[in-house]
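Q: Take a look at this one; I'll ask things after.
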Amino acid sequence: MPRSNTNIPVRDDGLQINDDRRFQNRFWIAERVAWITFGLIILAALAGLTGNGGPLAQGHRAADGVSVSYPAIARWRAEDELVIRLPQGAEERVLQFDTRFRHAFDVIAVSPAPVAGEALPDGLRWRFPAGADGPTEVRMAIEPRRPGRVAYTLRVPPGDGIDLWTLVLP
Amino acid sequence: MESVLRATAVFVMLLIVLRLAGRRTMSEMTPFDFVLLLIIAETTQQALLSDDPSITNFLVVMIVLFTLDVVLSYVKRLAPFIDRVLDGVPTILVVDSEPDLEAMRKARVGIDDVLTAARQTHGLARLDQIRFAILESDGKLSIIPR
């Protein structure tokens, strides 16, 4: 859209121009501040604060011999991994997440394949074989369904629930 | 709804980052800048369309982008300050063959750039043949000979 040219001043040296050095100086400062911010964002991304890997993107919790590595910071619709380490045992292993998990994530894959996977009124449950065939580590590929903070609980019977949360970035 | 929000967010973020990255980045097209442009175009496309390659999505995103552009042109016309923030103002780099070194340093323009523009646009051989050199708000160098 063409600008109005009626108010464009003519300088003493004859140049008619709409320059504004005061504004430009302030903008140059803003530019430099922005570059520093860009650098900080890159450092934050390397640290994992923007999800998709990095030390701070991953959370760790442990209780009753079960340890969980979960995405503390994830990205909306981007696949992430949840790793559950189980103690050796003779009994059947069961992993159970509450409904908040079911509403917040799509489970893309579970490895190794469970004997059974069930949707329950109060969540999701996977069963794994007992004894020497039973896994000591279960990896789940999950994908957040919506941005925001999601709190959920993993239960590995007979243990108590392990409270987890994930911040899903848009 | 998500397409509209997504396109608006991507448009605004691109506008802010490109503006704050500095206008020189947009004007001097080196091979590296060309690669940068290709990568930005590719990542922008993914952020805009997400995992929905439908024509409906493309249509909505395209209409949102063009509408934002039209709205922004009116906003800039009605509010000169926003116009200056978004488009910038020209910066005078050389007056009567005297370079403003501080302005050139801050604008990341060297004497070489000014001389190149002088040669290309007016066939000028030396700095003392330049009356004014102006870094325009679109990132181009204007040369006015003596």
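Residues in the structure tokens are named by chain (A, B, ... in the order shown) and by number from 1 within that chain; ligands are numbered from 1 in the order shown.
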Pull out every residue of chain B that has at least one atom within 7 Å of chain A, counting only C-alpha atoms, and report them as a PyMOL selection string.
A: chain B and resi 20-22+73+89-91+106
Q: For stretch 41-105 of chain B against stretch 123-146 of chain B, with a cut-off of 6 Å and counting only C-alpha atoms, what is the closest atom pair and its distance in Å to one decimal for every residue that makes the cut, ordered by chain and number, as a tab-separated table?
A:
```
residue	atom	partner	partner_atom	distance
B:Gly88	CA	B:Ser137	CA	5.1
B:Val89	CA	B:Ser137	CA	5.0
B:Pro90	CA	B:Glu136	CA	4.4
B:Thr91	CA	B:Leu135	CA	5.1
B:Ile92	CA	B:Ile134	CA	4.4
B:Leu93	CA	B:Ala133	CA	5.4
B:Val94	CA	B:Ala133	CA	4.7
B:Val95	CA	B:Phe132	CA	4.8
B:Asp96	CA	B:Arg131	CA	4.4
B:Ser97	CA	B:Asp128	CA	4.9
```
Q: Do a neighbour search on stretch 54-68 of chain B at 8 Å with only C-alpha atoms, toss out local chain neighbours closer than 2 positions, and write the hits as JSON, numbers by chain.
A: {"B": [3, 4, 7, 8, 11, 48, 49, 52, 70, 71, 72]}
Q: Distance atom CA of A:Asp122-atom CA of A:Gly65, one decimal place?
A: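 Value for the atom CA of A:Asp122-atom CA of A:Gly65 distance: 23.9 Å.
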Q: Please identify all polymer residues within 12 Å of A:Ala62, counting only C-alpha atoms, omitting same-chain residues fewer than 2 positions from it, and present them as a list of chain:residue names.
A: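 Close residues of A:Ala62: A:Gly59, A:His60, A:Asp64, A:Gly65, A:Val66, A:Ser67, A:Val68, A:Ser69, A:Tyr70, A:Val83, A:Ile84, A:Arg85, A:Leu86, A:Pro87, A:Leu154, A:Arg155, A:Val156, A:Gly159, A:Asp160, A:Gly161, A:Ile162, A:Asp163, A:Leu164.
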Q: For the selection just defined, write its residues with N, CA and C atoms to a file, as a PDB file, in the first residue's frame.
A:
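Full text of selection-v8.pdb as output:
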```
ATOM      1  N   GLY A  59      11.899 -36.804  32.397  1.00  0.00           N
ATOM      2  CA  GLY A  59      11.697 -36.895  33.834  1.00  0.00           C
ATOM      3  C   GLY A  59      11.953 -38.317  34.305  1.00  0.00           C
ATOM      4  N   HIS A  60      12.336 -38.464  35.544  1.00  0.00           N
ATOM      5  CA  HIS A  60      12.599 -39.805  36.089  1.00  0.00           C
ATOM      6  C   HIS A  60      11.906 -39.930  37.441  1.00  0.00           C
ATOM      7  N   ASP A  64       8.850 -48.441  44.619  1.00  0.00           N
ATOM      8  CA  ASP A  64       8.602 -49.889  44.768  1.00  0.00           C
ATOM      9  C   ASP A  64       9.392 -50.715  43.744  1.00  0.00           C
ATOM     10  N   GLY A  65      10.614 -50.323  43.455  1.00  0.00           N
ATOM     11  CA  GLY A  65      11.439 -51.092  42.517  1.00  0.00           C
ATOM     12  C   GLY A  65      11.141 -50.802  41.056  1.00  0.00           C
ATOM     13  N   VAL A  66      10.143 -49.983  40.790  1.00  0.00           N
ATOM     14  CA  VAL A  66       9.793 -49.625  39.403  1.00  0.00           C
ATOM     15  C   VAL A  66      10.362 -48.232  39.127  1.00  0.00           C
ATOM     16  N   SER A  67      11.047 -48.090  37.990  1.00  0.00           N
ATOM     17  CA  SER A  67      11.516 -46.746  37.635  1.00  0.00           C
ATOM     18  C   SER A  67      10.942 -46.360  36.272  1.00  0.00           C
ATOM     19  N   VAL A  68      10.639 -45.100  36.135  1.00  0.00           N
ATOM     20  CA  VAL A  68      10.004 -44.609  34.906  1.00  0.00           C
ATOM     21  C   VAL A  68      10.791 -43.427  34.363  1.00  0.00           C
ATOM     22  N   SER A  69      11.109 -43.488  33.079  1.00  0.00           N
ATOM     23  CA  SER A  69      11.624 -42.310  32.370  1.00  0.00           C
ATOM     24  C   SER A  69      10.494 -41.843  31.475  1.00  0.00           C
ATOM     25  N   TYR A  70      10.085 -40.625  31.646  1.00  0.00           N
ATOM     26  CA  TYR A  70       8.914 -40.146  30.907  1.00  0.00           C
ATOM     27  C   TYR A  70       9.206 -38.762  30.329  1.00  0.00           C
ATOM     28  N   VAL A  83       9.694 -45.007  29.192  1.00  0.00           N
ATOM     29  CA  VAL A  83      10.402 -46.270  29.474  1.00  0.00           C
ATOM     30  C   VAL A  83      10.135 -46.665  30.925  1.00  0.00           C
ATOM     31  N   ILE A  84       9.638 -47.884  31.097  1.00  0.00           N
ATOM     32  CA  ILE A  84       9.326 -48.368  32.446  1.00  0.00           C
ATOM     33  C   ILE A  84      10.227 -49.570  32.745  1.00  0.00           C
ATOM     34  N   ARG A  85      11.005 -49.451  33.809  1.00  0.00           N
ATOM     35  CA  ARG A  85      11.886 -50.567  34.198  1.00  0.00           C
ATOM     36  C   ARG A  85      11.264 -51.276  35.392  1.00  0.00           C
ATOM     37  N   LEU A  86      11.106 -52.605  35.214  1.00  0.00           N
ATOM     38  CA  LEU A  86      10.400 -53.409  36.224  1.00  0.00           C
ATOM     39  C   LEU A  86      11.379 -54.326  36.944  1.00  0.00           C
ATOM     40  N   PRO A  87      11.100 -54.651  38.182  1.00  0.00           N
ATOM     41  CA  PRO A  87      11.970 -55.606  38.881  1.00  0.00           C
ATOM     42  C   PRO A  87      11.739 -57.024  38.368  1.00  0.00           C
ATOM     43  N   LEU A 154       0.825 -43.792  36.876  1.00  0.00           N
ATOM     44  CA  LEU A 154       1.156 -45.150  36.439  1.00  0.00           C
ATOM     45  C   LEU A 154       1.116 -46.044  37.668  1.00  0.00           C
ATOM     46  N   ARG A 155       0.445 -47.181  37.515  1.00  0.00           N
ATOM     47  CA  ARG A 155       0.416 -48.130  38.626  1.00  0.00           C
ATOM     48  C   ARG A 155       0.961 -49.466  38.152  1.00  0.00           C
ATOM     49  N   VAL A 156       1.879 -50.024  38.900  1.00  0.00           N
ATOM     50  CA  VAL A 156       2.396 -51.366  38.608  1.00  0.00           C
ATOM     51  C   VAL A 156       2.057 -52.216  39.829  1.00  0.00           C
ATOM     52  N   GLY A 159       2.300 -52.389  43.618  1.00  0.00           N
ATOM     53  CA  GLY A 159       2.830 -51.127  44.139  1.00  0.00           C
ATOM     54  C   GLY A 159       1.811 -50.003  44.085  1.00  0.00           C
ATOM     55  N   ASP A 160       2.166 -48.902  44.761  1.00  0.00           N
ATOM     56  CA  ASP A 160       1.311 -47.713  44.713  1.00  0.00           C
ATOM     57  C   ASP A 160       1.495 -47.024  43.370  1.00  0.00           C
ATOM     58  N   GLY A 161       0.643 -46.081  43.116  1.00  0.00           N
ATOM     59  CA  GLY A 161       0.745 -45.333  41.863  1.00  0.00           C
ATOM     60  C   GLY A 161       1.949 -44.400  41.873  1.00  0.00           C
ATOM     61  N   ILE A 162       2.506 -44.176  40.682  1.00  0.00           N
ATOM     62  CA  ILE A 162       3.588 -43.196  40.524  1.00  0.00           C
ATOM     63  C   ILE A 162       2.992 -42.009  39.769  1.00  0.00           C
ATOM     64  N   ASP A 163       3.001 -40.861  40.418  1.00  0.00           N
ATOM     65  CA  ASP A 163       2.431 -39.672  39.786  1.00  0.00           C
ATOM     66  C   ASP A 163       3.439 -39.061  38.823  1.00  0.00           C
ATOM     67  N   LEU A 164       2.992 -38.809  37.604  1.00  0.00           N
ATOM     68  CA  LEU A 164       3.847 -38.240  36.559  1.00  0.00           C
ATOM     69  C   LEU A 164       3.148 -37.023  35.961  1.00  0.00           C
TER      70      LEU A 164
END
```
Q: Could you tell me how far atom CA of A:Leu120 lies from atom CA of A:Val138, in Å and to one decimal?
A: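 That distance, rounded to one decimal, is 19.9 Å.
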